[in-house]
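final_25.tsv, holding TSV, N, CA, C and O atoms:
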chain	number	residue	atom	x	y	z
A	1	MET	N	-17.18	14.18	12.86
A	1	MET	CA	-17.14	12.92	13.55
A	1	MET	C	-16.87	11.77	12.58
A	1	MET	O	-16.06	10.90	12.87
A	2	ILE	N	-17.54	11.77	11.45
A	2	ILE	CA	-17.35	10.71	10.46
A	2	ILE	C	-15.91	10.70	9.96
A	2	ILE	O	-15.31	9.63	9.78
A	3	LEU	N	-15.34	11.87	9.76
A	3	LEU	CA	-13.94	11.94	9.32
A	3	LEU	C	-13.01	11.31	10.35
A	3	LEU	O	-12.07	10.58	9.99
A	4	ALA	N	-13.26	11.53	11.63
A	4	ALA	CA	-12.43	10.95	12.68
A	4	ALA	C	-12.55	9.43	12.70
A	4	ALA	O	-11.55	8.72	12.90
A	5	ILE	N	-13.75	8.90	12.49
A	5	ILE	CA	-13.97	7.46	12.46
A	5	ILE	C	-13.22	6.83	11.29
A	5	ILE	O	-12.56	5.79	11.43
A	6	GLU	N	-13.32	7.46	10.13
A	6	GLU	CA	-12.61	6.95	8.95
A	6	GLU	C	-11.10	7.06	9.14
A	6	GLU	O	-10.35	6.15	8.76
A	7	ALA	N	-10.64	8.14	9.73
A	7	ALA	CA	-9.21	8.31	9.98
A	7	ALA	C	-8.70	7.24	10.94
A	7	ALA	O	-7.60	6.70	10.75
A	8	ALA	N	-9.49	6.88	11.96
A	8	ALA	CA	-9.10	5.83	12.90
A	8	ALA	C	-8.93	4.50	12.16
A	8	ALA	O	-7.98	3.76	12.42
A	9	GLY	N	-9.85	4.20	11.26
A	9	GLY	CA	-9.75	2.96	10.48
A	9	GLY	C	-8.53	2.93	9.59
A	9	GLY	O	-7.81	1.93	9.53
A	10	TRP	N	-8.27	4.02	8.90
A	10	TRP	CA	-7.11	4.08	8.00
A	10	TRP	C	-5.80	4.07	8.79
A	10	TRP	O	-4.84	3.41	8.39
A	11	LEU	N	-5.76	4.78	9.90
A	11	LEU	CA	-4.56	4.77	10.73
A	11	LEU	C	-4.30	3.37	11.28
A	11	LEU	O	-3.17	2.90	11.31
A	12	GLY	N	-5.37	2.70	11.70
A	12	GLY	CA	-5.24	1.33	12.18
A	12	GLY	C	-4.68	0.42	11.10
A	12	GLY	O	-3.78	-0.39	11.36
A	13	ALA	N	-5.19	0.55	9.89
A	13	ALA	CA	-4.70	-0.26	8.78
A	13	ALA	C	-3.23	0.02	8.51
A	13	ALA	O	-2.43	-0.91	8.29
A	14	LEU	N	-2.84	1.28	8.53
A	14	LEU	CA	-1.44	1.64	8.28
A	14	LEU	C	-0.52	1.12	9.38
A	14	LEU	O	0.60	0.67	9.09
A	15	LEU	N	-0.98	1.16	10.62
A	15	LEU	CA	-0.15	0.65	11.72
A	15	LEU	C	0.06	-0.86	11.60
A	15	LEU	O	1.17	-1.36	11.76
A	16	ILE	N	-1.00	-1.59	11.30
A	16	ILE	CA	-0.88	-3.03	11.18
A	16	ILE	C	-0.03	-3.40	9.96
A	16	ILE	O	0.85	-4.27	10.05
A	17	LEU	N	-0.26	-2.75	8.85
A	17	LEU	CA	0.55	-3.00	7.66
A	17	LEU	C	2.01	-2.63	7.91
A	17	LEU	O	2.93	-3.37	7.54
A	18	GLY	N	2.23	-1.48	8.54
A	18	GLY	CA	3.59	-1.05	8.83
A	18	GLY	C	4.33	-2.01	9.74
A	18	GLY	O	5.50	-2.33	9.51
A	19	SER	N	3.65	-2.52	10.77
A	19	SER	CA	4.30	-3.47	11.67
A	19	SER	C	4.63	-4.76	10.94
A	19	SER	O	5.70	-5.35	11.16
A	20	TYR	N	3.76	-5.20	10.06
A	20	TYR	CA	4.02	-6.41	9.26
A	20	TYR	C	5.24	-6.21	8.36
A	20	TYR	O	6.11	-7.08	8.27
A	21	ILE	N	5.30	-5.06	7.71
A	21	ILE	CA	6.44	-4.78	6.82
A	21	ILE	C	7.74	-4.72	7.62
A	21	ILE	O	8.76	-5.27	7.19
A	22	LEU	N	7.70	-4.08	8.79
A	22	LEU	CA	8.92	-3.97	9.60
A	22	LEU	C	9.41	-5.34	10.09
A	22	LEU	O	10.61	-5.59	10.13
A	23	VAL	N	8.49	-6.22	10.44
A	23	VAL	CA	8.89	-7.57	10.86
A	23	VAL	C	9.38	-8.36	9.65
A	23	VAL	O	10.40	-9.07	9.74
A	24	SER	N	8.71	-8.23	8.54
A	24	SER	CA	9.09	-8.98	7.34
A	24	SER	C	10.47	-8.59	6.82
A	24	SER	O	11.19	-9.41	6.26
A	25	THR	N	10.83	-7.33	6.99
A	25	THR	CA	12.14	-6.87	6.52
A	25	THR	C	13.22	-7.00	7.60
A	25	THR	O	14.37	-6.64	7.36
A	26	GLY	N	12.86	-7.51	8.77
A	26	GLY	CA	13.83	-7.73	9.83
A	26	GLY	C	14.17	-6.50	10.65
A	26	GLY	O	15.10	-6.53	11.44
A	27	ARG	N	13.44	-5.43	10.47
A	27	ARG	CA	13.72	-4.21	11.24
A	27	ARG	C	13.12	-4.25	12.63
A	27	ARG	O	13.54	-3.49	13.50
A	28	LEU	N	12.12	-5.10	12.83
A	28	LEU	CA	11.52	-5.31	14.15
A	28	LEU	C	11.42	-6.81	14.39
A	28	LEU	O	11.24	-7.58	13.45
A	29	SER	N	11.48	-7.18	15.65
A	29	SER	CA	11.22	-8.56	16.03
A	29	SER	C	9.72	-8.71	16.31
A	29	SER	O	9.08	-7.78	16.80
A	30	GLY	N	9.18	-9.87	16.01
A	30	GLY	CA	7.78	-10.13	16.31
A	30	GLY	C	7.50	-10.14	17.80
A	30	GLY	O	6.34	-10.05	18.22
A	31	GLN	N	8.54	-10.22	18.61
A	31	GLN	CA	8.41	-10.21	20.06
A	31	GLN	C	8.62	-8.81	20.66
A	31	GLN	O	8.46	-8.64	21.87
A	32	SER	N	8.97	-7.84	19.84
A	32	SER	CA	9.29	-6.51	20.37
A	32	SER	C	8.04	-5.77	20.83
A	32	SER	O	6.96	-5.92	20.26
A	33	PRO	N	8.19	-4.95	21.86
A	33	PRO	CA	7.06	-4.15	22.32
A	33	PRO	C	6.51	-3.21	21.23
A	33	PRO	O	5.30	-3.02	21.14
A	34	ALA	N	7.39	-2.68	20.39
A	34	ALA	CA	6.93	-1.79	19.32
A	34	ALA	C	5.98	-2.51	18.37
A	34	ALA	O	4.93	-1.97	18.00
A	35	PHE	N	6.33	-3.74	17.99
A	35	PHE	CA	5.47	-4.53	17.11
A	35	PHE	C	4.13	-4.80	17.77
A	35	PHE	O	3.07	-4.65	17.16
A	36	GLN	N	4.19	-5.21	19.03
A	36	GLN	CA	2.95	-5.54	19.74
A	36	GLN	C	2.06	-4.31	19.89
A	36	GLN	O	0.84	-4.39	19.67
A	37	TRP	N	2.62	-3.17	20.25
A	37	TRP	CA	1.81	-1.97	20.44
A	37	TRP	C	1.28	-1.40	19.14
A	37	TRP	O	0.18	-0.84	19.09
A	38	MET	N	2.05	-1.55	18.07
A	38	MET	CA	1.53	-1.12	16.76
A	38	MET	C	0.30	-1.93	16.37
A	38	MET	O	-0.68	-1.40	15.85
A	39	ASN	N	0.34	-3.22	16.67
A	39	ASN	CA	-0.81	-4.07	16.36
A	39	ASN	C	-2.00	-3.79	17.28
A	39	ASN	O	-3.14	-3.79	16.82
A	40	VAL	N	-1.75	-3.53	18.55
A	40	VAL	CA	-2.83	-3.19	19.47
A	40	VAL	C	-3.49	-1.88	19.05
A	40	VAL	O	-4.72	-1.77	18.98
A	41	ALA	N	-2.68	-0.87	18.75
A	41	ALA	CA	-3.22	0.42	18.33
A	41	ALA	C	-3.97	0.29	17.00
A	41	ALA	O	-5.04	0.89	16.82
A	42	GLY	N	-3.43	-0.50	16.09
A	42	GLY	CA	-4.11	-0.73	14.81
A	42	GLY	C	-5.46	-1.41	15.01
A	42	GLY	O	-6.45	-1.05	14.38
A	43	ALA	N	-5.49	-2.41	15.88
A	43	ALA	CA	-6.74	-3.12	16.15
A	43	ALA	C	-7.77	-2.18	16.78
A	43	ALA	O	-8.96	-2.25	16.46
A	44	LEU	N	-7.32	-1.28	17.64
A	44	LEU	CA	-8.25	-0.30	18.24
A	44	LEU	C	-8.85	0.61	17.17
A	44	LEU	O	-10.04	0.94	17.23
A	45	GLY	N	-8.03	0.99	16.21
A	45	GLY	CA	-8.56	1.79	15.10
A	45	GLY	C	-9.60	1.04	14.32
A	45	GLY	O	-10.64	1.58	13.93
A	46	PHE	N	-9.37	-0.26	14.10
A	46	PHE	CA	-10.35	-1.11	13.41
A	46	PHE	C	-11.61	-1.27	14.24
A	46	PHE	O	-12.71	-1.32	13.69
A	47	VAL	N	-11.47	-1.40	15.55
A	47	VAL	CA	-12.64	-1.54	16.43
A	47	VAL	C	-13.53	-0.31	16.32
A	47	VAL	O	-14.75	-0.43	16.17
A	48	VAL	N	-12.93	0.86	16.39
A	48	VAL	CA	-13.71	2.10	16.28
A	48	VAL	C	-14.42	2.16	14.94
A	48	VAL	O	-15.63	2.42	14.87
A	49	ASN	N	-13.69	1.91	13.87
A	49	ASN	CA	-14.26	2.03	12.53
A	49	ASN	C	-15.31	0.97	12.25
A	49	ASN	O	-16.41	1.27	11.78
A	50	SER	N	-14.99	-0.29	12.53
A	50	SER	CA	-15.96	-1.35	12.22
A	50	SER	C	-17.16	-1.30	13.15
A	50	SER	O	-18.28	-1.61	12.73
A	51	GLY	N	-16.96	-0.89	14.39
A	51	GLY	CA	-18.09	-0.72	15.31
A	51	GLY	C	-19.04	0.36	14.84
A	51	GLY	O	-20.27	0.19	14.86
A	52	TRP	N	-18.50	1.45	14.38
A	52	TRP	CA	-19.31	2.56	13.86
A	52	TRP	C	-20.14	2.13	12.66
A	52	TRP	O	-21.29	2.51	12.51
A	53	HIS	N	-19.53	1.30	11.82
A	53	HIS	CA	-20.20	0.85	10.60
A	53	HIS	C	-21.08	-0.39	10.82
A	53	HIS	O	-21.68	-0.89	9.87
A	54	GLY	N	-21.15	-0.88	12.04
A	54	GLY	CA	-22.00	-2.01	12.35
A	54	GLY	C	-21.48	-3.36	11.90
A	54	GLY	O	-22.24	-4.31	11.79
A	55	ALA	N	-20.20	-3.45	11.66
A	55	ALA	CA	-19.59	-4.72	11.25
A	55	ALA	C	-19.23	-5.50	12.51
A	55	ALA	O	-18.08	-5.52	12.95
A	56	VAL	N	-20.22	-6.15	13.09
A	56	VAL	CA	-20.05	-6.81	14.38
A	56	VAL	C	-18.97	-7.90	14.35
A	56	VAL	O	-18.13	-7.93	15.26
A	57	PRO	N	-18.94	-8.79	13.36
A	57	PRO	CA	-17.87	-9.81	13.38
A	57	PRO	C	-16.46	-9.21	13.38
A	57	PRO	O	-15.59	-9.67	14.12
A	58	SER	N	-16.23	-8.18	12.59
A	58	SER	CA	-14.92	-7.54	12.55
A	58	SER	C	-14.61	-6.85	13.89
A	58	SER	O	-13.47	-6.89	14.35
A	59	THR	N	-15.61	-6.22	14.45
A	59	THR	CA	-15.41	-5.56	15.75
A	59	THR	C	-15.03	-6.56	16.81
A	59	THR	O	-14.05	-6.35	17.55
A	60	VAL	N	-15.76	-7.67	16.89
A	60	VAL	CA	-15.48	-8.69	17.90
A	60	VAL	C	-14.09	-9.28	17.70
A	60	VAL	O	-13.33	-9.45	18.65
A	61	LEU	N	-13.74	-9.60	16.46
A	61	LEU	CA	-12.42	-10.16	16.17
A	61	LEU	C	-11.31	-9.22	16.62
A	61	LEU	O	-10.33	-9.66	17.25
A	62	ASN	N	-11.44	-7.94	16.37
A	62	ASN	CA	-10.39	-7.00	16.76
A	62	ASN	C	-10.39	-6.70	18.24
A	62	ASN	O	-9.33	-6.36	18.79
A	63	VAL	N	-11.50	-6.84	18.92
A	63	VAL	CA	-11.51	-6.70	20.37
A	63	VAL	C	-10.73	-7.85	21.01
A	63	VAL	O	-9.93	-7.65	21.92
A	64	VAL	N	-10.95	-9.06	20.48
A	64	VAL	CA	-10.25	-10.23	21.01
A	64	VAL	C	-8.78	-10.12	20.67
A	64	VAL	O	-7.91	-10.39	21.46

Is it possible to express this structure as structure tokens?
Amino acid sequence: MILAIEAAGWLGALLILGSYILVSTGRLSGQSPAFQWMNVAGALGFVVNSGWHGAVPSTVLNVV
């Protein structure tokens, strides 16, 4: 279970970083559905990870 929680956090980080890199290099538009969904999925990974670790401010920020 702990491995899955950590994997969710790392996958979330990679998705958010990847979407940022793709927009910065012009391969994605900031308005594209792919960019938006990568960020939503990344935030969900952060919610799972930070919620598990009791980081309430981070959890709330990523839920919003």

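Among A:Gly30, A:Phe46, A:Val40, A:Val23, the residue with the shortest atom-to-atom distance to Ala7 in chain A, counting all atoms listed in the file, is A:Phe46.
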
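Near Ala13 in chain A, within 8 Å and counting only N, CA, C and O atoms, sit Glu6, Ala7, Ala8, Gly9, Trp10, Leu11, Leu15, Ile16, Leu17, Gly18, Ser19, Tyr20, Met38, Ala41, Gly42, Ala43, Gly45 and Phe46 of chain A, not including residues fewer than 2 positions from it in the same chain.
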
Hey, what's within 5 Å of range 48-50 of chain A if we count only N, CA, C and O atoms and toss same-chain stuff fewer than 5 positions away? As a list of chain:residue names, please?
-> A:Ile5, A:Ala55, A:Val56

Counting only N, CA, C and O atoms, what is within 6 Å of Val47 in chain A, bar same-chain residues fewer than 6 positions away, as a PyMOL selection string?
-> chain A and resi 58-59+62-63

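The coordinates place atom O of Gln36 in chain A at 23.1 Å from atom C of Trp52 in chain A.
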
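You will find atom N of Ser24 in chain A at 16.1 Å from atom C of Gly12 in chain A.
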
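One finds CA of His53 in chain A at 12.1 Å from atom N of Leu3 in chain A.
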
With 6 Å of padding per side, what axis-aligned box (centre and edge lengths, Å, one decimal) covers all the listed atoms of range 28-45 of chain A? Give it as JSON.
{"center_x": 0.7, "center_y": -4.2, "center_z": 17.6, "size_x": 34.8, "size_y": 24.0, "size_z": 21.5}

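Nearest to Ile21 in chain A of all the residues A:Ala4, A:Gly51, A:Phe35, A:Val64 is A:Phe35, counting only C-alpha atoms.
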
Using the structure block above, produce a file of chain A that contains C-alpha atoms, as a compact mmCIF listing (two decimals), in the first residue's frame.
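What ended up in out03.txt:
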# COMPACT_ATOMS: atom_id res chain seq x y z
CA MET A 1 0.00 0.00 0.00
CA ILE A 2 2.77 2.45 0.89
CA LEU A 3 4.48 1.76 -2.43
CA ALA A 4 1.26 2.61 -4.29
CA ILE A 5 0.88 5.89 -2.36
CA GLU A 6 4.47 6.89 -3.14
CA ALA A 7 4.05 5.87 -6.78
CA ALA A 8 0.91 8.06 -7.04
CA GLY A 9 2.88 11.04 -5.74
CA TRP A 10 5.80 10.50 -8.09
CA LEU A 11 3.53 9.87 -11.08
CA GLY A 12 1.63 13.05 -10.24
CA ALA A 13 4.87 15.01 -10.10
CA LEU A 14 6.00 13.58 -13.45
CA LEU A 15 2.67 14.39 -15.10
CA ILE A 16 2.70 17.99 -13.90
CA LEU A 17 6.35 18.48 -14.81
CA GLY A 18 5.82 16.81 -18.19
CA SER A 19 2.84 19.02 -19.02
CA TYR A 20 4.85 22.11 -18.08
CA ILE A 21 7.76 21.04 -20.29
CA LEU A 22 5.44 20.28 -23.21
CA VAL A 23 3.79 23.71 -22.97
CA SER A 24 7.13 25.47 -22.51
CA THR A 25 8.57 23.84 -25.62
CA GLY A 26 5.44 24.58 -27.67
CA ARG A 27 4.43 20.96 -28.15
CA LEU A 28 1.15 21.50 -26.28
CA SER A 29 -1.11 24.48 -25.90
CA GLY A 30 -2.01 25.58 -22.38
CA GLN A 31 -5.63 25.38 -23.53
CA SER A 32 -5.40 21.81 -24.85
CA PRO A 33 -7.36 19.01 -23.19
CA ALA A 34 -4.15 16.95 -22.90
CA PHE A 35 -2.47 19.69 -20.85
CA GLN A 36 -5.51 20.12 -18.63
CA TRP A 37 -5.95 16.38 -18.00
CA MET A 38 -2.26 15.86 -17.29
CA ASN A 39 -2.52 18.53 -14.61
CA VAL A 40 -5.75 17.11 -13.16
CA ALA A 41 -4.27 13.60 -13.01
CA GLY A 42 -1.05 14.97 -11.50
CA ALA A 43 -2.98 16.88 -8.84
CA LEU A 44 -4.92 13.71 -7.97
CA GLY A 45 -1.64 11.90 -7.45
CA PHE A 46 -0.53 14.70 -5.13
CA VAL A 47 -3.86 14.56 -3.26
CA VAL A 48 -3.45 10.85 -2.59
CA ASN A 49 0.17 11.21 -1.50
CA SER A 50 -0.13 14.36 0.59
CA GLY A 51 -3.38 13.18 2.18
CA TRP A 52 -1.75 9.93 3.22
CA HIS A 53 1.15 11.82 4.76
CA GLY A 54 -1.13 14.25 6.59
CA ALA A 55 -0.03 17.34 4.67
CA VAL A 56 -3.41 19.04 4.90
CA PRO A 57 -2.47 22.37 3.23
CA SER A 58 -1.01 20.57 0.20
CA THR A 59 -4.00 18.25 0.01
CA VAL A 60 -6.48 21.13 0.11
CA LEU A 61 -4.54 23.12 -2.50
CA ASN A 62 -4.50 20.19 -4.92
CA VAL A 63 -8.17 19.41 -4.37
CA VAL A 64 -9.03 23.00 -5.32
